[in-house]
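**Q** Have a peek at query_4.cif (mmCIF, C-alpha atoms).
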data_structure
#
loop_
_atom_site.label_atom_id
_atom_site.label_comp_id
_atom_site.auth_asym_id
_atom_site.auth_seq_id
_atom_site.Cartn_x
_atom_site.Cartn_y
_atom_site.Cartn_z
CA MET A 1375 129.38 80.39 105.17
CA THR A 1376 127.22 82.53 107.45
CA ASN A 1377 123.63 83.05 106.39
CA THR A 1378 122.37 86.60 106.82
CA PRO A 1379 119.11 86.54 108.80
CA ALA A 1380 116.07 87.56 106.81
CA ALA A 1381 114.75 91.02 107.54
CA PRO A 1382 111.64 91.03 109.76
CA LEU A 1383 108.34 90.71 107.90
CA LEU A 1384 105.74 93.48 108.03
CA GLY A 1385 102.32 92.43 106.74
CA PRO A 1386 99.68 94.78 105.30
CA ARG A 1387 98.09 95.54 108.70
CA ALA A 1388 101.46 96.26 110.30
CA LEU A 1389 102.32 98.62 107.43
CA ASN A 1390 98.86 100.14 107.66
CA ARG A 1391 99.12 100.96 111.35
CA ALA A 1392 102.66 102.30 111.00
CA THR A 1393 101.69 104.55 108.11
CA LEU A 1394 98.56 105.79 109.87
CA ALA A 1395 100.66 106.66 112.93
CA ARG A 1396 103.14 108.64 110.78
CA GLN A 1397 100.29 110.34 108.96
CA LEU A 1398 98.64 111.41 112.25
CA LEU A 1399 95.57 109.34 111.34
CA LEU A 1400 95.78 106.71 114.06
CA GLU A 1401 95.36 109.37 116.73
CA ARG A 1402 94.81 113.08 116.14
CA ALA A 1403 97.87 115.09 117.01
CA ALA A 1404 98.08 118.07 119.33
CA MET A 1405 100.35 120.10 117.08
CA SER A 1406 100.10 123.32 115.12
CA ALA A 1407 99.16 123.43 111.46
CA GLU A 1408 102.66 124.63 110.60
CA ALA A 1409 104.28 121.76 112.52
CA ALA A 1410 101.95 119.30 110.81
CA LEU A 1411 102.81 120.68 107.35
CA THR A 1412 106.50 120.22 108.17
CA HIS A 1413 106.06 116.70 109.56
CA LEU A 1414 103.90 115.57 106.64
CA VAL A 1415 106.28 117.14 104.08
CA GLY A 1416 103.41 119.14 102.62
CA LEU A 1417 99.88 118.34 101.51
CA GLN A 1418 98.47 117.67 98.06
CA ALA A 1419 96.57 120.79 96.97
CA GLN A 1420 95.27 120.77 93.41
CA ASN A 1421 92.06 122.21 94.82
CA VAL A 1422 91.62 124.70 97.67
CA LYS A 1423 89.84 122.61 100.30
CA PRO A 1424 91.91 119.39 100.42
CA PRO A 1425 94.71 120.73 102.67
CA TYR A 1426 92.12 121.98 105.16
CA LEU A 1427 90.28 118.64 105.19
CA ALA A 1428 93.57 116.76 105.43
CA LEU A 1429 94.53 118.67 108.58
CA ALA A 1430 91.02 118.40 110.03
CA ALA A 1431 91.40 114.62 109.86
CA ARG A 1432 94.81 114.72 111.55
CA LEU A 1433 94.83 117.49 114.18
CA ALA A 1434 92.97 117.50 117.47
CA GLU A 1435 92.12 121.20 117.57
CA PHE A 1436 92.25 122.35 113.98
CA ASP A 1437 90.80 125.71 112.97
CA PRO A 1438 90.89 126.31 109.18
CA MET A 1439 91.79 129.92 109.85
CA GLU A 1440 95.12 128.76 111.28
CA LEU A 1441 96.25 127.35 107.92
CA SER A 1442 94.69 130.29 106.11
CA GLY A 1443 96.67 132.65 108.35
CA LEU A 1444 99.91 130.84 107.53
CA MET A 1445 99.25 131.39 103.86
CA ASP A 1446 98.20 135.00 104.34
CA SER A 1447 101.45 135.72 106.21
CA ARG A 1448 103.52 133.81 103.58
CA ALA A 1449 104.61 131.19 106.11
CA ALA A 1450 102.94 128.60 103.85
CA VAL A 1451 102.42 128.59 100.08
CA ARG A 1452 100.89 126.65 97.21
CA ILE A 1453 103.51 125.52 94.67
CA VAL A 1454 104.21 122.73 92.19
CA THR A 1455 106.64 120.21 93.68
CA MET A 1456 106.40 116.43 94.07
CA ARG A 1457 104.98 114.55 91.09
CA SER A 1458 104.77 117.94 89.32
CA THR A 1459 101.56 118.67 91.24
CA VAL A 1460 100.49 121.54 93.49
CA HIS A 1461 101.22 121.12 97.20
CA THR A 1462 100.69 123.32 100.23
CA LEU A 1463 104.06 123.60 101.96
CA THR A 1464 105.79 125.70 104.55
CA ALA A 1465 107.84 128.47 102.96
CA ALA A 1466 111.08 126.71 103.91
CA ASP A 1467 109.96 123.45 102.33
CA ALA A 1468 108.76 125.20 99.18
CA LEU A 1469 112.26 126.61 98.66
CA LEU A 1470 113.76 123.16 99.29
CA LEU A 1471 111.34 120.83 97.52
CA ARG A 1472 110.77 122.86 94.36
CA PRO A 1473 114.38 122.33 93.16
CA PHE A 1474 114.35 118.76 94.53
CA SER A 1475 111.35 118.06 92.25
CA GLN A 1476 112.88 119.62 89.13
CA SER A 1477 113.38 116.30 87.31
CA ALA A 1478 109.69 115.40 87.69
CA ILE A 1479 108.71 118.85 86.43
CA ASP A 1480 111.13 118.62 83.50
CA ARG A 1481 109.58 115.28 82.53
CA GLU A 1482 106.20 116.98 82.22
CA LEU A 1483 107.76 119.72 80.07
CA ARG A 1484 109.16 117.11 77.68
CA MET A 1485 105.59 116.05 76.91
CA PHE A 1486 104.96 119.54 75.48
CA ARG A 1487 108.18 120.05 73.54
CA HIS A 1488 106.38 119.59 70.23
CA GLY A 1489 104.61 122.92 70.85
CA LEU A 1490 107.86 124.79 71.57
CA ASP A 1491 109.70 124.57 68.25
CA GLY A 1492 111.98 127.59 67.88
CA VAL A 1493 111.44 128.73 71.49
CA ASP A 1494 114.55 129.72 73.45
CA LEU A 1495 113.70 128.40 76.92
CA ASP A 1496 116.30 130.55 78.68
CA ARG A 1497 114.85 133.68 77.10
CA LEU A 1498 111.32 132.46 77.88
CA ALA A 1499 112.26 132.04 81.55
CA ALA A 1500 113.77 135.52 81.72
CA LEU A 1501 110.73 137.14 80.08
CA ALA A 1502 108.28 135.21 82.26
CA ARG A 1503 110.22 136.07 85.43
CA ALA A 1504 110.17 139.79 84.64
CA HIS A 1505 106.44 139.61 83.87
CA VAL A 1506 105.36 137.81 87.06
CA GLU A 1507 107.73 139.68 89.36
CA ASP A 1508 106.38 142.99 88.08
CA ALA A 1509 102.97 141.82 89.36
CA PRO A 1510 101.40 138.39 89.96
CA ARG A 1511 99.88 137.13 86.71
CA THR A 1512 97.23 134.59 85.83
CA PRO A 1513 98.29 131.63 83.68
CA ALA A 1514 96.34 133.15 80.79
CA ALA A 1515 98.22 136.45 81.15
CA ILE A 1516 101.56 134.63 81.18
CA ARG A 1517 100.65 132.73 78.02
CA ALA A 1518 99.51 135.94 76.32
CA GLU A 1519 102.77 137.71 77.15
CA LEU A 1520 104.87 134.84 75.86
CA ARG A 1521 102.84 134.57 72.66
CA ARG A 1522 103.83 138.13 71.82
CA HIS A 1523 107.36 136.79 71.41
CA TRP A 1524 106.51 133.38 69.93
CA PRO A 1525 103.16 133.75 68.13
CA ASP A 1526 103.48 130.39 66.36
CA ALA A 1527 104.13 128.37 69.52
CA ASP A 1528 101.44 126.39 71.28
CA PRO A 1529 100.00 128.57 74.10
CA GLN A 1530 99.60 125.70 76.57
CA SER A 1531 103.18 124.59 75.95
CA LEU A 1532 104.42 128.12 76.61
CA GLY A 1533 102.63 128.16 79.94
CA ILE A 1534 103.98 124.74 80.92
CA ALA A 1535 107.49 125.87 80.00
CA ALA A 1536 107.22 128.93 82.26
CA ARG A 1537 106.00 126.75 85.13
CA ALA A 1538 108.82 124.26 84.55
CA ARG A 1539 111.65 126.77 84.25
CA LEU A 1540 110.57 129.01 87.13
CA PRO A 1541 109.51 128.23 90.74
CA LEU A 1542 106.06 129.77 90.30
CA LEU A 1543 103.76 129.78 93.31
CA GLN A 1544 100.13 130.77 93.71
CA VAL A 1545 99.80 134.04 95.60
CA THR A 1546 97.00 134.76 98.03
CA PRO A 1547 94.05 135.13 98.20
CA ARG A 1548 94.18 131.84 96.28
CA GLY A 1549 93.99 129.08 98.86
CA LEU A 1550 92.65 131.17 101.76
CA TRP A 1551 89.75 129.74 103.72
CA ARG A 1552 86.44 131.03 102.30
CA ARG A 1553 88.29 133.85 100.51
CA SER A 1554 90.03 132.02 97.70
CA GLY A 1555 90.32 133.64 94.28
CA GLN A 1556 91.68 132.80 90.85
CA VAL A 1557 95.20 131.51 90.34
CA ALA A 1558 97.82 134.27 90.07
CA LEU A 1559 101.51 133.44 89.96
CA THR A 1560 104.85 134.92 90.88
CA THR A 1561 108.23 133.39 91.70
CA ALA A 1562 108.93 131.83 95.07
CA GLU A 1563 112.04 133.97 95.46
CA HIS A 1564 110.09 137.18 94.86
CA TRP A 1565 107.17 136.24 97.14
CA LEU A 1566 109.29 134.87 99.97
CA GLY A 1567 112.28 137.20 99.69
CA ARG A 1568 114.95 134.51 99.64
CA PRO A 1569 116.34 132.05 97.09
CA CYS A 1570 115.48 128.42 96.48
CA ALA A 1571 117.97 125.80 97.63
CA GLU A 1572 120.67 124.98 95.11
CA ASP A 1573 120.72 121.31 94.05
CA PRO A 1574 119.49 119.94 97.41
CA ALA A 1575 120.86 116.51 98.36
CA PRO A 1576 118.12 113.90 98.74
CA ASP A 1577 119.39 112.26 101.93
CA ASP A 1578 117.60 114.50 104.43
CA ILE A 1579 114.44 114.37 102.32
CA VAL A 1580 114.58 110.56 102.35
CA LEU A 1581 114.67 110.65 106.16
CA ARG A 1582 111.72 113.01 106.26
CA TYR A 1583 109.76 110.88 103.81
CA LEU A 1584 110.29 107.81 105.99
CA GLY A 1585 109.19 109.80 109.04
CA ALA A 1586 105.91 110.65 107.34
CA PHE A 1587 105.26 107.56 105.17
CA GLY A 1588 107.50 104.72 106.33
CA PRO A 1589 108.30 101.91 106.45
CA ALA A 1590 108.81 102.22 102.71
CA SER A 1591 110.74 100.93 99.74
CA VAL A 1592 112.90 102.92 97.34
CA LYS A 1593 110.10 102.62 94.76
CA ASP A 1594 107.60 103.96 97.30
CA MET A 1595 109.57 107.18 97.76
CA GLN A 1596 110.12 107.47 94.03
CA ALA A 1597 106.34 107.25 93.53
CA TRP A 1598 105.80 109.97 96.14
CA ALA A 1599 108.40 112.28 94.61
CA GLY A 1600 107.82 111.45 90.97
CA LEU A 1601 111.57 110.87 90.67
CA THR A 1602 113.91 108.00 89.84
CA ARG A 1603 117.44 107.05 90.89
CA LEU A 1604 116.99 107.47 94.64
CA ARG A 1605 118.56 104.10 95.45
CA ASP A 1606 121.99 105.65 96.08
CA ALA A 1607 120.59 107.92 98.79
CA PHE A 1608 118.99 104.96 100.58
CA GLU A 1609 122.25 103.02 100.36
CA ARG A 1610 124.21 105.92 101.87
CA LEU A 1611 121.69 106.02 104.71
CA ARG A 1612 121.48 102.26 105.21
CA PRO A 1613 123.75 102.23 108.31
CA ARG A 1614 121.34 104.65 110.00
CA LEU A 1615 118.16 102.78 109.05
CA LEU A 1616 116.31 99.60 109.95
CA THR A 1617 115.26 97.22 107.19
CA PHE A 1618 112.16 95.05 106.88
CA ARG A 1619 110.42 93.14 104.10
CA ASP A 1620 106.81 93.07 103.00
CA GLU A 1621 104.84 89.92 102.21
CA HIS A 1622 106.21 89.99 98.64
CA GLY A 1623 109.82 90.16 99.81
CA VAL A 1624 110.33 93.84 98.92
CA GLU A 1625 112.91 95.55 101.12
CA LEU A 1626 111.52 98.33 103.28
CA PHE A 1627 113.53 101.01 105.10
CA ASP A 1628 112.58 102.83 108.27
CA LEU A 1629 113.81 105.16 110.98
CA PRO A 1630 114.90 103.33 114.15
CA GLY A 1631 112.80 105.44 116.50
CA ALA A 1632 109.66 105.73 114.36
CA PRO A 1633 106.36 104.25 115.59
CA ARG A 1634 105.36 100.80 114.37
CA PRO A 1635 102.21 100.02 116.35
CA ASP A 1636 100.80 96.56 116.92
CA PRO A 1637 98.78 95.51 113.84
CA ASP A 1638 95.71 95.05 116.07
CA THR A 1639 95.78 98.66 117.30
CA PRO A 1640 92.29 100.13 116.74
CA ALA A 1641 92.12 102.58 113.86
CA PRO A 1642 89.25 105.12 113.93
CA ALA A 1643 87.19 106.21 110.95
CA ARG A 1644 88.71 109.15 109.11
CA PHE A 1645 87.36 111.34 106.31
CA LEU A 1646 89.96 112.39 103.76
CA PRO A 1647 89.90 114.86 100.87
CA GLU A 1648 90.45 114.04 97.23
CA TYR A 1649 94.15 113.60 96.42
CA ASP A 1650 95.06 112.85 100.04
CA ASN A 1651 98.76 112.03 100.43
CA LEU A 1652 97.92 108.78 102.21
CA LEU A 1653 96.60 107.30 98.95
CA LEU A 1654 99.25 108.70 96.59
CA SER A 1655 102.61 108.24 98.27
CA HIS A 1656 103.55 104.58 97.80
CA ALA A 1657 104.19 102.43 94.76
CA ASP A 1658 102.40 99.60 96.57
CA ARG A 1659 99.22 101.04 98.07
CA THR A 1660 97.83 97.81 99.51
CA ARG A 1661 98.80 99.03 102.98
CA VAL A 1662 95.74 101.32 102.70
CA VAL A 1663 93.81 100.19 99.61
CA ALA A 1664 92.65 96.57 99.33
CA PRO A 1665 93.16 95.16 95.82
CA ALA A 1666 89.39 94.92 95.33
CA HIS A 1667 89.08 98.69 95.85
CA LYS A 1668 91.88 99.78 93.55
CA ASP A 1669 90.89 102.58 91.13
CA ARG A 1670 87.55 103.13 92.85
CA THR A 1671 88.21 106.67 94.05
CA TRP A 1672 87.77 108.20 90.58
CA THR A 1673 84.96 108.57 88.07
CA GLY A 1674 86.50 109.52 84.74
CA ASN A 1675 88.77 112.46 85.58
CA GLN A 1676 86.86 113.32 88.75
CA PRO A 1677 88.50 112.29 92.05
CA HIS A 1678 86.35 111.57 95.08
CA CYS A 1679 86.83 112.30 98.75
CA THR A 1680 87.39 109.05 100.63
CA PHE A 1681 86.95 107.61 104.10
CA LEU A 1682 88.73 104.94 106.11
CA VAL A 1683 87.26 102.22 108.30
CA ASP A 1684 89.64 100.10 110.37
CA GLY A 1685 92.47 102.01 108.68
CA PHE A 1686 91.66 100.97 105.11
CA LEU A 1687 89.84 102.66 102.24
CA ALA A 1688 86.14 101.89 102.74
CA GLY A 1689 84.23 104.28 100.47
CA VAL A 1690 83.73 107.76 99.11
CA TRP A 1691 81.85 110.79 100.39
CA ARG A 1692 80.71 114.25 99.37
CA PHE A 1693 79.51 117.32 101.19
CA GLU A 1694 76.48 119.31 100.10
CA GLU A 1695 76.38 122.88 101.31
CA PRO A 1696 73.28 124.13 103.15
CA GLY A 1697 70.61 124.97 100.59
CA SER A 1698 72.28 122.83 97.91
CA ALA A 1699 70.24 122.23 94.78
CA ALA A 1700 71.40 118.61 94.63
CA GLU A 1701 68.56 116.21 93.89
CA ASP A 1702 68.95 114.41 97.23
CA ALA A 1703 69.91 117.48 99.27
CA SER A 1704 68.68 117.83 102.83
CA PRO A 1705 65.07 119.08 102.70
CA ASP A 1706 65.48 121.49 105.63
CA GLY A 1707 68.45 123.33 104.14
CA ALA A 1708 71.00 121.80 106.50
CA GLY A 1709 74.40 120.71 105.33
CA ARG A 1710 74.58 117.11 104.21
CA VAL A 1711 77.33 114.49 104.05
CA VAL A 1712 76.56 111.65 101.67
CA VAL A 1713 78.54 108.49 102.35
CA GLU A 1714 78.88 105.70 99.79
CA PRO A 1715 80.60 102.66 101.29
CA PHE A 1716 82.34 99.97 99.25
CA VAL A 1717 81.35 97.24 101.71
CA GLU A 1718 78.52 96.64 104.14
CA LEU A 1719 79.32 98.39 107.42
CA THR A 1720 78.41 97.01 110.81
CA ARG A 1721 76.13 99.03 113.07
CA ARG A 1722 79.13 100.10 115.12
CA GLN A 1723 81.09 101.13 112.02
CA ARG A 1724 78.13 103.13 110.67
CA ALA A 1725 77.87 105.01 113.96
CA GLU A 1726 81.60 105.75 113.92
CA VAL A 1727 81.48 106.90 110.28
CA ALA A 1728 78.45 109.10 110.98
CA ALA A 1729 80.18 110.76 113.95
CA GLU A 1730 83.29 111.46 111.87
CA ALA A 1731 81.13 112.80 109.03
CA GLU A 1732 79.47 115.25 111.40
CA ARG A 1733 82.85 116.38 112.72
CA THR A 1734 84.11 116.94 109.19
CA ALA A 1735 80.98 118.90 108.30
CA ARG A 1736 81.49 121.18 111.30
CA VAL A 1737 84.94 122.07 109.96
CA LEU A 1738 83.50 122.79 106.51
CA MET A 1739 80.55 124.81 107.78
CA GLY A 1740 82.26 126.68 110.62
CA ASP A 1741 79.88 129.17 112.19
CA HIS A 1742 77.11 127.87 109.94
CA ALA A 1743 77.21 124.39 111.51
CA ARG A 1744 73.75 124.58 113.05
CA SER A 1745 72.90 121.13 111.71
CA CYS A 1746 74.19 118.50 109.35
CA ASP A 1747 72.56 115.36 108.00
CA VAL A 1748 74.51 112.20 107.25
CA ALA A 1749 73.08 110.00 104.53
CA PHE A 1750 74.36 106.53 103.71
CA GLY A 1751 74.05 105.70 100.05
CA THR A 1752 73.79 102.27 98.51
CA VAL A 1753 76.89 100.15 98.88
CA VAL A 1754 78.96 100.77 95.74
CA GLN A 1755 79.57 97.38 94.13
CA GLY A 1756 82.57 96.89 91.85
CA PRO A 1757 84.32 99.60 89.84
CA ARG A 1758 82.55 102.94 89.76
CA PRO A 1759 81.10 103.81 86.33
#
Here is a file; write its structure as structure tokens.
**A**
Amino acid sequence: MTNTPAAPLLGPRALNRATLARQLLLERAAMSAEAALTHLVGLQAQNVKPPYLALAARLAEFDPMELSGLMDSRAAVRIVTMRSTVHTLTAADALLLRPFSQSAIDRELRMFRHGLDGVDLDRLAALARAHVEDAPRTPAAIRAELRRHWPDADPQSLGIAARARLPLLQVTPRGLWRRSGQVALTTAEHWLGRPCAEDPAPDDIVLRYLGAFGPASVKDMQAWAGLTRLRDAFERLRPRLLTFRDEHGVELFDLPGAPRPDPDTPAPARFLPEYDNLLLSHADRTRVVAPAHKDRTWTGNQPHCTFLVDGFLAGVWRFEEPGSAAEDASPDGAGRVVVEPFVELTRRQRAEVAAEAERTARVLMGDHARSCDVAFGTVVQGPRP
């Protein structure tokens, strides 16, 4: 009997460096914002600023107006996709990934079915489509229109049903740099002038996920997508992929030509927005988040911006605009980045973090970047309150 050789082992640092390389965080990339959006398979975007900060951390010459221009020209959009959350995607990926994510979105809708007794969802979708394609509508306006037809239904459930049954995207100026407005919705087909993909096969999306987040397990991709039952796609692709194992014996898949740097490759400090994809796209996040720092990027329901030192989560940060009324705001009216590390930083690490903080502030302040203070707060011990 021939024993099959064990797949090569990739420890946490090897996985960390590989993932940072795929995420353009090991070395800033000289690529356009549109190319980066495509490579990264979109960016988490519950709030307006995170996609801009995410690209500032990843691209060598990033101007926020480049991403804003993509959105203004409809080459990029904000739409609910993976994990039933809002992402900034290229137009092509929005039309592909919205139907790919339908099962995750349907699962959210099932949580609100109790508020939809007697509601014909097909009729609801038709009414909502006509309403938002006549003119972009706010969520409140969509709920009000639907309540005219189902006055006894729960308003929030009606709104969730419209979002689940239709590929609603947020029209500009929402999401534009320094011009963002309230959320107003229309369908992707109406805004982009072409239909969504019909029942897209997952295989190509698996390959793209591995290119941006690999090496990864089936459960990792399922966590990223908010979907289940992706094992069959990985098995179909197995002949085209390499396999590894992590320190717990979990099978990992990867693209043959993808970068897997030496675990000792230096990893620079990086400042990330709240909800950054790096922290949300694996079932096992120890490749970026040490077990001692798990669940330390939130206070209640409030997520925090984070920063990396040596490639791993090392603390949280916030930016205070010039003239901020914050209690510890800069006294001279300059912008201020407040850094709260989880561990004591060496002198060299503090200098590196401070330099990256100043770079991030320049992106946020643009032409107003006359000065920026960097303040190191007390080391945050244990879980945040």
**Q** Name the residues captured by the PyMOL selection byres ((chain A and resi 1618) around 6) when it is applied to the shown file; answer as an mmCIF file with C-alpha atoms, in the frame of the given file.
**A**
data_model
loop_
_atom_site.group_PDB
_atom_site.id
_atom_site.type_symbol
_atom_site.label_atom_id
_atom_site.label_comp_id
_atom_site.auth_asym_id
_atom_site.auth_seq_id
_atom_site.Cartn_x
_atom_site.Cartn_y
_atom_site.Cartn_z
ATOM 1 C CA ALA A 1381 114.750 91.020 107.540
ATOM 2 C CA PRO A 1382 111.640 91.030 109.760
ATOM 3 C CA LEU A 1383 108.340 90.710 107.900
ATOM 4 C CA THR A 1617 115.260 97.220 107.190
ATOM 5 C CA ARG A 1619 110.420 93.140 104.100
ATOM 6 C CA GLU A 1625 112.910 95.550 101.120
ATOM 7 C CA LEU A 1626 111.520 98.330 103.280
#
**Q** Around the point (104.5, 139.5, 90.1), in the coordinates given by the file, pick out the residues reaching within 8 Å, counting only C-alpha atoms, and return them as a PyMOL selection string.
**A** chain A and resi 1504-1511+1559-1561+1564
**Q** If I take atom CA of A:Cys1746 and atom CA of A:Val1713, how far is one from the other in Å, to one decimal?
**A**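 Atom CA of A:Cys1746 sits 13.0 Å away from atom CA of A:Val1713.
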**Q** Got a sec: who's within 10 Å of A:Gly1416, counting only C-alpha atoms, leaving out chain neighbours fewer than 6 positions off, as a list in words?
**A**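 Counting only the stated atoms, we get Glu1408, Ala1410, Pro1425, Ala1450, Val1451, Arg1452, Thr1455, Met1456, Val1460, His1461, Thr1462, Leu1463, Thr1464, Asp1467, Ala1468, Leu1471 and Asn1651 of chain A.
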**Q** Near A:Leu1429, counting only C-alpha atoms, which residues have an atom at most 12 Å away, once you skip same-chain residues fewer than 6 positions from it, shown as number ranges by chain?
**A** A: 1397-1399, 1402-1411, 1413-1414, 1416-1419, 1423, 1435-1442, 1462, 1644-1647, 1650-1651, 1734, 1737-1738
**Q** Could you list, as a VMD selection string, every residue matched by the PyMOL selection byres ((chain A and resi 1487) around 10) in this structure?
**A** chain A and resid 1482 to 1486 1488 to 1491 1493 1528 1531 to 1532 1534 to 1535
**Q** Run the PyMOL selection byres ((chain A and resi 1677-1690) around 9) on the file and write out the hits as an NGL selection string.
**A** :A and (1387 or 1390-1391 or 1394 or 1399-1400 or 1424 or 1640-1650 or 1653 or 1660-1664 or 1667 or 1670-1676 or 1691-1692 or 1712-1717 or 1719 or 1723 or 1726-1727 or 1753-1754)
**Q** Interatomic distance between atom CA of A:Arg1582 and atom CA of A:Pro1630?
**A**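 Taking atom CA of A:Arg1582 as the start and atom CA of A:Pro1630 as the end point, the length is 12.9 Å.
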**Q** Taking 2 positions as the minimum chain separation for residues in the same chain, which residues sit within 7 Å of A:Ala1590 when counting only C-alpha atoms? Answer as a list in words.
**A**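 My list of contacting residues is Leu1584, Phe1587, Gly1588, Val1592, Asp1594, Leu1626, Phe1627 and Asp1628 of chain A.
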**Q** For a quick check of understanding, using all atoms listed in the file, which of A:Thr1412, A:Thr1459, A:Thr1752, A:Ser1655 has the smallest distance to A:Ala1597?
**A**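 Among the listed residues, A:Ser1655 lies closest to A:Ala1597.
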**Q** Between atom CA of A:Arg1537 and atom CA of A:Asp1669, what is the distance in Å, rounded to a tenth?
**A**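 Spanning atom CA of A:Arg1537 to atom CA of A:Asp1669 is a straight-line distance of 29.1 Å.
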**Q** Have a look at A:Arg1396, A:Arg1721, A:Arg1552, A:Arg1481 and name the one nearest to A:Pro1589; count all atoms listed in the file.
**A**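 Using all atoms listed in the file, the shortest distance to A:Pro1589 belongs to A:Arg1396.
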**Q** With N, CA, C and O atoms as the target, complete stretch 1388-1399 of chain A and hand it back as a CSV table (one decimal), in the frame of the given file.
**A**
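Written file, rebuild_34.csv:
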chain,number,residue,atom,x,y,z
A,1388,ALA,N,100.4,95.6,109.6
A,1388,ALA,CA,101.5,96.3,110.3
A,1388,ALA,C,101.9,97.5,109.6
A,1388,ALA,O,102.1,98.6,110.2
A,1389,LEU,N,102.0,97.4,108.2
A,1389,LEU,CA,102.3,98.6,107.4
A,1389,LEU,C,101.2,99.7,107.5
A,1389,LEU,O,101.5,100.9,107.6
A,1390,ASN,N,100.0,99.2,107.5
A,1390,ASN,CA,98.9,100.1,107.7
A,1390,ASN,C,98.9,100.9,108.9
A,1390,ASN,O,98.9,102.2,108.9
A,1391,ARG,N,99.1,100.3,110.1
A,1391,ARG,CA,99.1,101.0,111.4
A,1391,ARG,C,100.3,101.9,111.5
A,1391,ARG,O,100.3,103.0,112.0
A,1392,ALA,N,101.5,101.4,111.0
A,1392,ALA,CA,102.7,102.3,111.0
A,1392,ALA,C,102.5,103.5,110.2
A,1392,ALA,O,102.8,104.7,110.6
A,1393,THR,N,101.9,103.4,109.0
A,1393,THR,CA,101.7,104.6,108.1
A,1393,THR,C,100.6,105.5,108.7
A,1393,THR,O,100.8,106.7,108.6
A,1394,LEU,N,99.6,104.9,109.2
A,1394,LEU,CA,98.6,105.8,109.9
A,1394,LEU,C,99.2,106.6,111.0
A,1394,LEU,O,98.8,107.8,111.2
A,1395,ALA,N,100.0,105.9,111.8
A,1395,ALA,CA,100.7,106.7,112.9
A,1395,ALA,C,101.5,107.8,112.4
A,1395,ALA,O,101.5,108.9,112.9
A,1396,ARG,N,102.3,107.6,111.3
A,1396,ARG,CA,103.1,108.6,110.8
A,1396,ARG,C,102.3,109.8,110.2
A,1396,ARG,O,102.7,110.9,110.2
A,1397,GLN,N,101.2,109.4,109.6
A,1397,GLN,CA,100.3,110.3,109.0
A,1397,GLN,C,99.3,111.0,109.9
A,1397,GLN,O,98.4,111.8,109.5
A,1398,LEU,N,99.5,110.8,111.2
A,1398,LEU,CA,98.6,111.4,112.2
A,1398,LEU,C,97.2,111.0,112.1
A,1398,LEU,O,96.3,111.8,112.5
A,1399,LEU,N,96.9,109.8,111.6
A,1399,LEU,CA,95.6,109.3,111.3
A,1399,LEU,C,95.2,108.2,112.3
A,1399,LEU,O,94.0,107.8,112.3
